[in-house]
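Have a look at the structure below before the remarks.
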Number of protein chains: 2
Amino acid sequence: MPPTPPARSRRRTGRPRSAEADRAILDATRAALVELGFAGLTLGDVAARAGVAKTTLYRRWAGKNELVVDTLAALFEEQLELPDRGSLHADIEGVVLRFAGLLDRPETRTALMAVVAEAGHDEALRDRIREAIVDRQKHLVLLGRARAQRRGEMPGDDGTADPARDDLIFDVVAGTVLHRVMVSSEPVDREWADRLARLLVGGLTANPGC
Amino acid sequence: MPPTPPARSRRRTGRPRSAEADRAILDATRAALVELGFAGLTLGDVAARAGVAKTTLYRRWAGKNELVVDTLAALFEEQLELPDRGSLHADIEGVVLRFAGLLDRPETRTALMAVVAEAGHDEALRDRIREAIVDRQKHLVLLGRARAQRRGEMPGDDGTADPARDDLIFDVVAGTVLHRVMVSSEPVDREWADRLARLLVGGLTANPGC
DNA sequence: GCAGTTACGCTACGACTCGTAGCGAAACCG
DNA sequence: CGGTTTCGCTACGAGTCGTAGCGTAACTGC
């Protein structure tokens with residue numbers, strides 16, 4: 001995940017950018033988020049932690065928002081997956097617990113909501129979040145839904161794709177967990193995940209048409 | 001909604017605080033949020049817009065977060081209610097559309113997620129959000145659920161309260177809408193609200209035990 | 001090798017925001 | 001009227017911002 005694409009087209013001449021610096025900066029950002037939170041994070045501080053000049057940081061990222069989005073994307077990259085647990089219910093329960101675990105980290109807590117807030121009036125940032133984070137999560141929904149259809153767990157389903165339903169499932173799963181953890185400030189345990197999964201599976205089978 | 005309670009106990013002596021200044025400050029904050037977003041908002045700017053000295057602002061609010069939370073609370077106070085539409089499905093659809101309308105305002109979009117992000121590492125702020133915003137929304141869920149039970153729309157329900165289920169419904173409704181609007185950046189129209197309501201009602205009736 | 005190109009660390013800069021302090025005037029109470 | 005609190009105003013040191021300029025380091029193509 002290159003932080004900022006090398007300006008225009010590929011550059012084959014000149015001193016190459018230090019990949020080590022990239023890692024150091026992202027790690028430093030993560031640590032700074034944990035200690036200071038998003039609002040308290042300063043690029044000067046990150047540069048100092050990373051052992052890098054502040055100018056180096058500005059050469060790669062446009063500002064705090066972009067840096068934090070890339071840091072978040074790396075975190076999601078590490079954590080999100082959807083192992084096949086044999087049933088739609090179990091798959092949902094699994095991804096819910098995984099996502100909740102991600103939201104338990106202090107760096108995710110403070111950073112995710114903050115960049116989403118900033119994206120509310122920054123189209124470019126919104127696109128960056130979409131491709132770096134959202135699309136990756138949504139892919140898990142498509143995967144889980146396809147598995148369920150293959151297993152025959154969706155009665156009355158003709159097997160064709162229904163993007164609107166996929167979007168709804170995505171928003172229900174991710175949104176409910178996000179709200180539970182970030183807004184209601186209550187824990188997500190196996191029992192709660194089971195309850196949410198049952199509610200969702202029940203609703204899907206009760207509405208075969210959609 | 002007094003911004004900051006007058007220090008300790010009531011003061012009956014001295015010059016009283018200007019209620020007009022309160023209104024001017026909250027209005028100015030709202031306008032500044034629309035134009036600049038949460039990150040770009042500065043208290044000096046708010047004071048200038050409100051025609052108030054910066055020191056006056058600091059006498060009442062501890063900082064940006066607290067000011068914005070109170071501004072948000074006033075917005076929610078204006079907008080949230082739950083008229084009886086005759087059925088659980090219609091009630092859910094109604095509150096979903098209302099909440100989505102609130103999230104369409106630029107000041108809500110940028111401010112709500114930002115203060116939630118800050119609350120991730122600020123206990124006092126979290127409590128303030130809870131009582132000023134969250135509890136008020138949750139009350140609507142309790143009201144809607146009680147109505148549905150009175151109508152006999154919850155088969156297999158013994159009529160007793162199940163706080164865990166209420167919390168789940170709350171997180172599903174508020175979280176799904178929040179995620180749809182803020183993260184997925186897609187509109188909430190009547191059709192989508194209907195679909196979510198059907199999913200939820202279906203899930204609740206399919207799981208009588210909970 | 002050498003010239004060309006790009007990234008690096010470092011320093012310094014003006015502009016801005018922060019939160020606080022000190023002042024005299026204004027507004028309310030007994 | 002004296003006591004008390006808030007008001008607007010000004011000023012302040014501290015911290016951050018994002019950029020510019022410099023000399024050096026690293027890599028490519030001739």
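Residue numbering restarts at 1 for every chain of the structure tokens, chains are lettered A, B, ... in their displayed order, and ligands are numbered from 1 as they appear.
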With a distance cut-off of 10 Å and only C-alpha atoms (C1' of nucleotides), select the neighbouring residues of segment 1-6 of chain D, excluding the residue or stretch itself and same-chain residues fewer than 4 positions from it, and output the selection as a list in words.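 So, after excluding close chain neighbours, the residues are Arg11, Arg12, Thr13, Gly14, Arg15, Pro16, Arg17, Ser18, Thr56 and Arg59 of chain B; DA26, DA27, DC28, DC29 and DG30 of chain C.
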Set the distance at 9 Å and use only C-alpha atoms (C1' of nucleotides): which residues neighbour segment 17-25 of chain C once local chain neighbours fewer than 6 positions away are removed? I'd like the list as a ChimeraX atom specification. /B:42-44,55,58 /D:7-12,14-16
With 7 Å as the limit and counting only C-alpha atoms (C1' of nucleotides), what residues in chain C lie close to chain A? Please list them as a count of residues only. 4
I need the chain D residues near chain A as a PyMOL selection string; criterion: at most 9 Å, counting only C-alpha atoms (C1' of nucleotides). chain D and resi 16+18-19+25-29
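Note that atom CA of Val172 of chain A and atom CA of Thr176 of chain B are 4.8 Å apart.
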Which neighbours of DC22 of chain D fall inside 12 Å, counting only C-alpha atoms (C1' of nucleotides), when residues of the same chain fewer than 4 positions from it are skipped, and could you give them as a list in words?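 Near neighbours after the sequence-gap exclusion: DC8, DG9, DC10, DT11 and DA12 of chain C.
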Suppose we keep N, CA, C and O atoms (P, O5', C5', C4', C3', O3' and C1' of nucleotides); can you now write the selection as a short mmCIF file (atom, residue, chain, number, x, y, z; two decimals), in the first residue's frame?
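Writing done, so here's out_32.cif:
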```
data_model
loop_
_atom_site.label_atom_id
_atom_site.label_comp_id
_atom_site.auth_asym_id
_atom_site.auth_seq_id
_atom_site.Cartn_x
_atom_site.Cartn_y
_atom_site.Cartn_z
P DC C 8 12.17 10.05 1.27
"O5'" DC C 8 13.39 10.67 2.06
"C5'" DC C 8 14.52 9.82 2.38
"C4'" DC C 8 15.65 10.65 2.92
"C3'" DC C 8 15.30 11.49 4.14
"O3'" DC C 8 15.51 10.73 5.31
"C1'" DC C 8 16.73 12.66 2.59
P DG C 9 14.87 11.21 6.67
"O5'" DG C 9 15.91 12.28 7.24
"C5'" DG C 9 17.26 11.91 7.46
"C4'" DG C 9 18.05 13.14 7.87
"C3'" DG C 9 17.48 13.89 9.07
"O3'" DG C 9 18.53 14.20 9.98
"C1'" DG C 9 17.66 15.35 7.20
P DC C 10 18.16 14.87 11.39
"O5'" DC C 10 18.30 16.43 11.11
"C5'" DC C 10 19.52 16.95 10.59
"C4'" DC C 10 19.36 18.40 10.22
"C3'" DC C 10 18.60 19.25 11.26
"O3'" DC C 10 19.54 20.06 11.96
"C1'" DC C 10 18.01 19.79 8.98
P DT C 11 19.04 20.92 13.22
"O5'" DT C 11 18.69 22.33 12.55
"C5'" DT C 11 19.55 22.87 11.56
"C4'" DT C 11 18.91 24.10 10.94
"C3'" DT C 11 18.14 24.98 11.93
"O3'" DT C 11 18.71 26.28 11.94
"C1'" DT C 11 16.85 24.55 9.96
P DA C 12 18.21 27.39 12.97
"O5'" DA C 12 17.19 28.22 12.08
"C5'" DA C 12 17.52 28.51 10.72
"C4'" DA C 12 16.31 29.12 10.02
"C3'" DA C 12 15.48 30.05 10.91
"O3'" DA C 12 15.39 31.33 10.31
"C1'" DA C 12 14.11 28.46 9.78
#
```
Skipping near chain neighbours, those fewer than 6 positions away, what residues fall within 10 Å of Trp192 of chain B using only C-alpha atoms (C1' of nucleotides), listed as a PyMOL selection string? (chain A and resi 164-165+168) or (chain B and resi 93+96-97+177+198)
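Counting from atom CA of Pro208 of chain B, the distance to atom CA of Ala206 of chain A is 13.0 Å.
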Give me the chain A side of the contact with chain B, cut-off 7 Å, one line per residue showing its nearest atom pair and distance in Å at one decimal, counting only C-alpha atoms, sorted by chain and residue number, as a Markdown table.
```
| residue | atom | partner | partner_atom | distance |
| --- | --- | --- | --- | --- |
| A:Arg109 | CA | B:Gly120 | CA | 6.0 |
| A:Thr110 | CA | B:Ala117 | CA | 4.7 |
| A:Ala111 | CA | B:Ala117 | CA | 6.9 |
| A:Met113 | CA | B:Ala117 | CA | 5.1 |
| A:Ala114 | CA | B:Ala114 | CA | 5.1 |
| A:Val116 | CA | B:Val183 | CA | 6.6 |
| A:Ala117 | CA | B:Thr110 | CA | 4.6 |
| A:Glu118 | CA | B:Thr110 | CA | 6.2 |
| A:Gly120 | CA | B:Thr110 | CA | 5.7 |
| A:Asp171 | CA | B:Thr176 | CA | 5.2 |
| A:Val172 | CA | B:Thr176 | CA | 4.8 |
| A:Gly175 | CA | B:Gly175 | CA | 4.4 |
| A:Thr176 | CA | B:Gly175 | CA | 4.5 |
| A:Leu178 | CA | B:Gly175 | CA | 6.7 |
| A:His179 | CA | B:Gly175 | CA | 4.8 |
| A:Arg180 | CA | B:Asp171 | CA | 5.7 |
| A:Met182 | CA | B:Val116 | CA | 6.9 |
| A:Val183 | CA | B:Val116 | CA | 6.6 |
| A:Leu199 | CA | B:Gly203 | CA | 4.5 |
| A:Leu200 | CA | B:Gly203 | CA | 6.0 |
| A:Gly202 | CA | B:Gly203 | CA | 4.4 |
| A:Gly203 | CA | B:Gly203 | CA | 3.7 |
| A:Leu204 | CA | B:Leu199 | CA | 6.4 |
| A:Ala206 | CA | B:Gly202 | CA | 5.4 |
| A:Asn207 | CA | B:Leu199 | CA | 6.8 |
```
Go ahead and compute the interatomic distance for atom CA of Gly152 of chain A and atom CA of Val188 of chain A, in Å to one decimal.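 Atom-to-atom, atom CA of Gly152 of chain A to atom CA of Val188 of chain A, that is 28.8 Å.
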